[in-house]
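Novice: This structure is in structure tokens; I'll ask about it shortly.
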Amino acid sequence: VYTDSVDMTKAWYQSRYDKGDGTDYLNCPLTKEEYNRFVDALLAGETVAFHEFEKDTPYFEGCLPVEVMAERGRQTLLFGPMKPVGLSNPFEDGRRPFAVVQLRKENRAGTLMNMVGFQTKLTYGAQTAVWRLIPALEHAVFARLGGIHRNTFVCGPTVLDERLALKKRPNIRLAGQLTGCEGYIESAAVGLLAGLFTAIPDLPLPPAETALGAMLTHITQAGGAGGVQPMKINFRPFPPGQTVPNGKKSKGHDPKKFASVLAKAALNNSLNH
């Protein structure tokens, strides 16, 4: 979106919870009525047909098209890309809006903004009509309309060994999203591991109790009836019991802090040996 085409009598700059300098995000609010009208149009919008080779490709749950999220329930977007938490509307006495579309700077000069979380399969004509139902974008000029990207990744447990080398071509290592991880930090971390394993072939594996070890385990050992799916780091791939001592929850227990303490201890122990 060209920034100068956004109606600044209806939009304002603010980062969630006032983090940062407050100029990275431009917020376009919607009332309940405007939100419902937007969802109705979104669900009725014409979409681009899949190519034959795409038809059986599942969506990545962490990067769904906005219309697919809307199909899962009218309120779904309010807990996704249109969530209003951490924002206050200066045109409404600082009250939290019902829904918000955030625009993020696309270039250093701030002349272009990107609609955050708005991957879509809508046709270009439908996109223009639907996006302009957002009050602040009623007269918006779009520099580029949206689409979705395809994630291509290998089935790690089948083709990769525990050090990210191809089982059939051990002189080749994979790194980044191609391995089945998801996210900028995660991709960089897996690239770091691949580089270390290449430079130091007998380097001990990172402990399973650490984020690096948990991600490596997911990439090279996970999978089940549903196959392998990309994943950002979270506490699910950590060893059982790492978030809850002795498998029992207790009052005041912070599972994330507990897991972090164990991770640091495991990493320090590994580095010292």
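FYI, nothing fancy with the structure tokens labels: chains A, B, ... in order, residues from 1 per chain, ligands from 1 as they appear.
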Mind listing the alpha helix (DSSP H) residues of segment 40-118 of chain A, per DSSP on the backbone, as number ranges by chain?
Specialist: A: 40-44, 66-71
Novice: Print the selection's residues with N, CA and C atoms to a file, as a CSV table (one decimal), in the first residue's frame.
Specialist:
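Dumped to result_7.csv:
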```csv
chain,number,residue,atom,x,y,z
A,40,ASP,N,-17.9,-10.8,5.6
A,40,ASP,CA,-18.9,-11.2,4.6
A,40,ASP,C,-18.3,-11.1,3.2
A,41,ALA,N,-17.7,-10.0,2.9
A,41,ALA,CA,-17.1,-9.8,1.6
A,41,ALA,C,-15.9,-10.7,1.3
A,42,LEU,N,-15.1,-10.9,2.4
A,42,LEU,CA,-14.0,-11.8,2.3
A,42,LEU,C,-14.4,-13.2,1.9
A,43,LEU,N,-15.4,-13.7,2.6
A,43,LEU,CA,-15.9,-15.1,2.4
A,43,LEU,C,-16.6,-15.2,1.0
A,44,ALA,N,-17.1,-14.1,0.5
A,44,ALA,CA,-17.8,-14.2,-0.8
A,44,ALA,C,-16.8,-13.9,-2.0
A,66,VAL,N,-5.9,-15.4,4.6
A,66,VAL,CA,-6.8,-14.7,5.5
A,66,VAL,C,-8.2,-15.2,5.3
A,67,GLU,N,-8.6,-15.6,4.1
A,67,GLU,CA,-10.0,-16.1,3.8
A,67,GLU,C,-10.2,-17.5,4.4
A,68,VAL,N,-9.1,-18.3,4.5
A,68,VAL,CA,-9.3,-19.6,5.1
A,68,VAL,C,-9.5,-19.5,6.6
A,69,MET,N,-8.8,-18.5,7.2
A,69,MET,CA,-9.0,-18.3,8.6
A,69,MET,C,-10.4,-17.8,8.9
A,70,ALA,N,-11.0,-17.0,8.0
A,70,ALA,CA,-12.3,-16.5,8.2
A,70,ALA,C,-13.3,-17.7,8.0
A,71,GLU,N,-13.0,-18.6,7.2
A,71,GLU,CA,-13.9,-19.8,7.0
A,71,GLU,C,-14.0,-20.6,8.2
```
Novice: If we count only C-alpha atoms, what is near Phe238 of chain A at a cut-off of 10 Å, once residues fewer than 3 positions away on the same chain are taken out, given as a list in words?
Specialist: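 The contact residues come out as Ala208, Glu209, Thr210, Ala211, Gly213, Ala214, Met215, Thr217, His218, Ile233, Asn234, Phe235, Gly241, Gln242, Thr243, Ala259 and Ala263 of chain A.
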Novice: Would you save the residues from that selection as a PDB file, in the first residue's frame, using N, CA, C and O atoms?
Specialist:
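And here's result.pdb as it stands now:
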```pdb
ATOM      1  N   ALA A 208      19.147 -32.430  24.079  1.00  0.00           N
ATOM      2  CA  ALA A 208      17.729 -32.415  23.716  1.00  0.00           C
ATOM      3  C   ALA A 208      16.933 -31.435  24.571  1.00  0.00           C
ATOM      4  O   ALA A 208      15.852 -30.992  24.174  1.00  0.00           O
ATOM      5  N   GLU A 209      17.491 -31.079  25.749  1.00  0.00           N
ATOM      6  CA  GLU A 209      16.787 -30.163  26.651  1.00  0.00           C
ATOM      7  C   GLU A 209      16.885 -28.713  26.198  1.00  0.00           C
ATOM      8  O   GLU A 209      16.223 -27.834  26.756  1.00  0.00           O
ATOM      9  N   THR A 210      17.734 -28.426  25.197  1.00  0.00           N
ATOM     10  CA  THR A 210      17.892 -27.056  24.706  1.00  0.00           C
ATOM     11  C   THR A 210      17.022 -26.836  23.472  1.00  0.00           C
ATOM     12  O   THR A 210      16.557 -27.787  22.832  1.00  0.00           O
ATOM     13  N   ALA A 211      16.808 -25.562  23.121  1.00  0.00           N
ATOM     14  CA  ALA A 211      16.006 -25.242  21.936  1.00  0.00           C
ATOM     15  C   ALA A 211      16.659 -25.791  20.670  1.00  0.00           C
ATOM     16  O   ALA A 211      15.986 -26.307  19.783  1.00  0.00           O
ATOM     17  N   GLY A 213      18.641 -28.403  20.444  1.00  0.00           N
ATOM     18  CA  GLY A 213      18.486 -29.851  20.442  1.00  0.00           C
ATOM     19  C   GLY A 213      17.062 -30.273  20.137  1.00  0.00           C
ATOM     20  O   GLY A 213      16.830 -31.242  19.399  1.00  0.00           O
ATOM     21  N   ALA A 214      16.099 -29.549  20.702  1.00  0.00           N
ATOM     22  CA  ALA A 214      14.694 -29.880  20.464  1.00  0.00           C
ATOM     23  C   ALA A 214      14.323 -29.689  18.999  1.00  0.00           C
ATOM     24  O   ALA A 214      13.620 -30.517  18.408  1.00  0.00           O
ATOM     25  N   MET A 215      14.814 -28.600  18.393  1.00  0.00           N
ATOM     26  CA  MET A 215      14.517 -28.364  16.985  1.00  0.00           C
ATOM     27  C   MET A 215      15.183 -29.415  16.111  1.00  0.00           C
ATOM     28  O   MET A 215      14.587 -29.919  15.148  1.00  0.00           O
ATOM     29  N   THR A 217      15.905 -32.451  16.938  1.00  0.00           N
ATOM     30  CA  THR A 217      15.150 -33.697  17.122  1.00  0.00           C
ATOM     31  C   THR A 217      13.885 -33.684  16.274  1.00  0.00           C
ATOM     32  O   THR A 217      13.538 -34.680  15.633  1.00  0.00           O
ATOM     33  N   HIS A 218      13.196 -32.566  16.272  1.00  0.00           N
ATOM     34  CA  HIS A 218      11.965 -32.467  15.472  1.00  0.00           C
ATOM     35  C   HIS A 218      12.273 -32.672  13.987  1.00  0.00           C
ATOM     36  O   HIS A 218      11.554 -33.393  13.283  1.00  0.00           O
ATOM     37  N   ILE A 233       9.980 -22.970  17.014  1.00  0.00           N
ATOM     38  CA  ILE A 233      10.358 -23.535  18.298  1.00  0.00           C
ATOM     39  C   ILE A 233       9.267 -23.262  19.337  1.00  0.00           C
ATOM     40  O   ILE A 233       8.686 -22.178  19.379  1.00  0.00           O
ATOM     41  N   ASN A 234       8.969 -24.261  20.124  1.00  0.00           N
ATOM     42  CA  ASN A 234       8.010 -24.155  21.221  1.00  0.00           C
ATOM     43  C   ASN A 234       8.370 -25.248  22.218  1.00  0.00           C
ATOM     44  O   ASN A 234       9.404 -25.914  22.071  1.00  0.00           O
ATOM     45  N   PHE A 235       7.569 -25.454  23.221  1.00  0.00           N
ATOM     46  CA  PHE A 235       7.950 -26.422  24.253  1.00  0.00           C
ATOM     47  C   PHE A 235       7.498 -27.854  23.963  1.00  0.00           C
ATOM     48  O   PHE A 235       7.842 -28.765  24.708  1.00  0.00           O
ATOM     49  N   GLY A 241       8.371 -33.950  30.585  1.00  0.00           N
ATOM     50  CA  GLY A 241       8.729 -33.637  31.966  1.00  0.00           C
ATOM     51  C   GLY A 241       9.608 -32.408  32.124  1.00  0.00           C
ATOM     52  O   GLY A 241       9.869 -31.982  33.245  1.00  0.00           O
ATOM     53  N   GLN A 242      10.062 -31.827  31.000  1.00  0.00           N
ATOM     54  CA  GLN A 242      10.948 -30.678  31.142  1.00  0.00           C
ATOM     55  C   GLN A 242      10.211 -29.427  31.605  1.00  0.00           C
ATOM     56  O   GLN A 242      10.802 -28.543  32.211  1.00  0.00           O
ATOM     57  N   THR A 243       8.927 -29.346  31.313  1.00  0.00           N
ATOM     58  CA  THR A 243       8.179 -28.168  31.737  1.00  0.00           C
ATOM     59  C   THR A 243       7.453 -28.374  33.063  1.00  0.00           C
ATOM     60  O   THR A 243       7.074 -27.413  33.723  1.00  0.00           O
ATOM     61  N   ALA A 259      11.640 -24.951  32.305  1.00  0.00           N
ATOM     62  CA  ALA A 259      12.275 -25.551  31.124  1.00  0.00           C
ATOM     63  C   ALA A 259      13.534 -24.788  30.750  1.00  0.00           C
ATOM     64  O   ALA A 259      14.542 -25.389  30.342  1.00  0.00           O
ATOM     65  N   ALA A 263      17.332 -26.139  30.470  1.00  0.00           N
ATOM     66  CA  ALA A 263      18.035 -25.989  29.187  1.00  0.00           C
ATOM     67  C   ALA A 263      19.415 -25.372  29.397  1.00  0.00           C
ATOM     68  O   ALA A 263      20.414 -25.829  28.826  1.00  0.00           O
TER      69      ALA A 263
END
```
Novice: Set the distance at 10 Å and use only C-alpha atoms: which residues neighbour Leu137 of chain A once local chain neighbours fewer than 5 positions away are removed? I'd like the list as a compact mmCIF listing (two decimals) with C-alpha atoms, in the first residue's frame.
Specialist:
```
# COMPACT_ATOMS: atom_id res chain seq x y z
CA VAL A 1 0.00 0.00 0.00
CA THR A 3 1.46 5.20 2.59
CA SER A 5 -3.00 6.89 0.13
CA VAL A 6 -3.99 5.79 3.65
CA ASP A 7 -6.64 7.98 5.31
CA MET A 8 -4.76 9.35 8.31
CA LYS A 10 -8.83 7.08 10.52
CA ALA A 11 -5.41 5.43 11.06
CA CYS A 28 -6.44 0.72 10.54
CA VAL A 101 -5.50 -4.27 10.28
CA THR A 128 -9.00 -4.45 -4.23
CA VAL A 130 -12.41 -6.25 -0.09
CA TRP A 131 -9.37 -4.38 1.25
CA ARG A 132 -11.09 -1.05 0.51
CA PHE A 142 -1.94 -0.74 -3.95
```
Novice: For Tyr17 of chain A, find every residue with an atom within 10 Å (counting only C-alpha atoms), except residues of its own chain fewer than 5 positions away, and show them as an mmCIF file with all heavy atoms, in the first residue's frame.
Specialist:
```cif
data_model
loop_
_atom_site.group_PDB
_atom_site.id
_atom_site.type_symbol
_atom_site.label_atom_id
_atom_site.label_comp_id
_atom_site.auth_asym_id
_atom_site.auth_seq_id
_atom_site.Cartn_x
_atom_site.Cartn_y
_atom_site.Cartn_z
ATOM 1 N N GLY A 22 7.328 3.262 17.929
ATOM 2 C CA GLY A 22 5.942 3.537 17.587
ATOM 3 C C GLY A 22 5.682 3.934 16.150
ATOM 4 O O GLY A 22 4.544 4.278 15.793
ATOM 5 N N VAL A 85 -5.515 -6.340 20.455
ATOM 6 C CA VAL A 85 -4.867 -6.231 21.765
ATOM 7 C C VAL A 85 -3.613 -5.369 21.707
ATOM 8 O O VAL A 85 -2.893 -5.342 20.706
ATOM 9 C CB VAL A 85 -4.493 -7.632 22.321
ATOM 10 C CG1 VAL A 85 -5.740 -8.440 22.596
ATOM 11 C CG2 VAL A 85 -3.573 -8.372 21.371
ATOM 12 N N GLY A 86 -3.386 -4.624 22.788
ATOM 13 C CA GLY A 86 -2.188 -3.807 22.892
ATOM 14 C C GLY A 86 -2.250 -2.501 22.128
ATOM 15 O O GLY A 86 -1.234 -1.810 22.002
ATOM 16 N N LEU A 87 -3.430 -2.144 21.614
ATOM 17 C CA LEU A 87 -3.574 -0.925 20.820
ATOM 18 C C LEU A 87 -4.684 -0.038 21.383
ATOM 19 O O LEU A 87 -5.672 -0.548 21.930
ATOM 20 C CB LEU A 87 -3.894 -1.276 19.366
ATOM 21 C CG LEU A 87 -2.833 -2.096 18.622
ATOM 22 C CD1 LEU A 87 -3.386 -2.593 17.292
ATOM 23 C CD2 LEU A 87 -1.572 -1.267 18.406
ATOM 24 N N SER A 88 -4.536 1.254 21.250
ATOM 25 C CA SER A 88 -5.552 2.194 21.715
ATOM 26 C C SER A 88 -5.817 3.218 20.622
ATOM 27 O O SER A 88 -4.881 3.813 20.071
ATOM 28 C CB SER A 88 -5.094 2.898 23.000
ATOM 29 O OG SER A 88 -3.807 3.478 22.826
#
```
Novice: Name the residues of segment 4-94 of chain A that fall into strand (DSSP E or B) according to DSSP on the backbone, using the chain letters and numbers of this document, as a compact mmCIF listing (two decimals) with N, CA, C and O atoms, in the first residue's frame.
Specialist:
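And here's out11.txt as it stands now:
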```txt
# COMPACT_ATOMS: atom_id res chain seq x y z
N TRP A 12 -3.61 5.40 12.68
CA TRP A 12 -2.59 6.00 13.53
C TRP A 12 -1.40 5.06 13.69
O TRP A 12 -1.53 3.84 13.54
N TYR A 13 -0.25 5.63 13.96
CA TYR A 13 0.97 4.86 14.19
C TYR A 13 1.03 4.42 15.66
O TYR A 13 0.86 5.22 16.57
N TYR A 25 4.42 0.52 12.75
CA TYR A 25 3.11 -0.02 12.38
C TYR A 25 2.06 1.09 12.28
O TYR A 25 1.96 1.95 13.15
N LEU A 26 1.28 1.01 11.22
CA LEU A 26 0.17 1.93 11.01
C LEU A 26 -1.11 1.11 11.19
O LEU A 26 -1.29 0.08 10.55
N ASN A 27 -1.99 1.56 12.08
CA ASN A 27 -3.16 0.79 12.48
C ASN A 27 -4.44 1.31 11.84
O ASN A 27 -4.74 2.51 11.90
N CYS A 28 -5.19 0.39 11.23
CA CYS A 28 -6.44 0.72 10.54
C CYS A 28 -7.59 0.02 11.26
O CYS A 28 -7.76 -1.20 11.11
N PRO A 29 -8.35 0.74 12.09
CA PRO A 29 -9.37 0.10 12.93
C PRO A 29 -10.68 -0.18 12.19
O PRO A 29 -10.99 0.46 11.18
N LEU A 30 -11.44 -1.14 12.73
CA LEU A 30 -12.78 -1.44 12.24
C LEU A 30 -13.71 -1.58 13.44
O LEU A 30 -13.33 -2.16 14.47
N THR A 47 -11.72 -16.52 -5.57
CA THR A 47 -10.34 -16.95 -5.33
C THR A 47 -9.73 -17.54 -6.60
O THR A 47 -10.44 -17.97 -7.51
N ASN A 89 -7.08 3.41 20.30
CA ASN A 89 -7.48 4.27 19.19
C ASN A 89 -7.57 5.73 19.65
O ASN A 89 -8.45 6.09 20.43
```
Novice: If we count only C-alpha atoms and set the cut-off at 9 Å, which residues sit around Lys105 of chain A, ignoring sequence neighbours fewer than 2 positions away in its own chain? Please answer as a list in words.
Specialist: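 Within the cut-off, the hits are Thr3, Thr23, Asp24, Tyr25, Leu26, Leu103, Asn107, Arg108, Ala109, Gly110, Thr111, Leu112, Met113 and Asn114 of chain A.
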Novice: Might you pull out every residue within 12 Å of Phe197 of chain A, with only C-alpha atoms counted and same-chain residues fewer than 3 positions away left off, and present them as an MDAnalysis selection string?
Specialist: chainID A and resid 161:165 170:175 190:194 200:206
Novice: Would you put the residues from that selection into a file with C-alpha atoms, as a PDB file, in the first residue's frame?
Specialist:
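Saved to selection.pdb:
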```
ATOM      1  CA  ASP A 161      20.906 -37.982   9.560  1.00  0.00           C
ATOM      2  CA  GLU A 162      21.228 -36.536  13.055  1.00  0.00           C
ATOM      3  CA  ARG A 163      23.778 -33.986  11.806  1.00  0.00           C
ATOM      4  CA  LEU A 164      21.634 -32.653   8.936  1.00  0.00           C
ATOM      5  CA  ALA A 165      23.554 -34.535   6.226  1.00  0.00           C
ATOM      6  CA  PRO A 170      26.577 -37.444   3.418  1.00  0.00           C
ATOM      7  CA  ASN A 171      28.861 -34.850   1.848  1.00  0.00           C
ATOM      8  CA  ILE A 172      25.811 -32.561   1.510  1.00  0.00           C
ATOM      9  CA  ARG A 173      24.094 -30.860   4.443  1.00  0.00           C
ATOM     10  CA  LEU A 174      20.821 -28.962   4.395  1.00  0.00           C
ATOM     11  CA  ALA A 175      19.946 -25.884   6.430  1.00  0.00           C
ATOM     12  CA  VAL A 190      19.630 -24.665  11.961  1.00  0.00           C
ATOM     13  CA  GLY A 191      22.065 -22.995   9.559  1.00  0.00           C
ATOM     14  CA  LEU A 192      24.425 -22.443  12.494  1.00  0.00           C
ATOM     15  CA  LEU A 193      24.199 -26.129  13.399  1.00  0.00           C
ATOM     16  CA  ALA A 194      24.825 -27.209   9.813  1.00  0.00           C
ATOM     17  CA  ILE A 200      33.640 -29.942  13.371  1.00  0.00           C
ATOM     18  CA  PRO A 201      32.400 -33.370  12.206  1.00  0.00           C
ATOM     19  CA  ASP A 202      32.650 -34.934  15.679  1.00  0.00           C
ATOM     20  CA  LEU A 203      30.942 -32.042  17.473  1.00  0.00           C
ATOM     21  CA  PRO A 204      28.565 -33.428  20.140  1.00  0.00           C
ATOM     22  CA  LEU A 205      24.890 -32.973  19.378  1.00  0.00           C
ATOM     23  CA  PRO A 206      23.202 -30.143  21.308  1.00  0.00           C
TER      24      PRO A 206
END
```
Novice: Looking at only C-alpha atoms, which of A:Ala126, A:Lys121, A:Arg16, A:Pro135 is the one that sits closest to Lys83 of chain A?
Specialist: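 Ranked by minimum distance to Lys83 of chain A, first place goes to A:Arg16.
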Novice: To one decimal place, how far is atom CA of Arg144 of chain A from atom CA of Asp4 of chain A in Å?
Specialist: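 Computing it gives 14.9 Å between the two atoms.
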Novice: Using only C-alpha atoms, pick whichever of A:Ala143, A:Gly73, A:Gly62, A:Glu46 has the shortest atom-to-atom distance to Glu106 of chain A.
Specialist: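 Closest candidate: A:Ala143.
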Novice: What is the atom CA of Lys232 of chain A to atom CA of Gln177 of chain A distance in Å?
Specialist: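 That distance, rounded to one decimal, is 10.3 Å.
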Novice: Measuring between only C-alpha atoms, which one of A:Gln127, A:Thr76, A:Lys257, A:Leu262 shows the shortest distance to Pro239 of chain A?
Specialist: A:Leu262
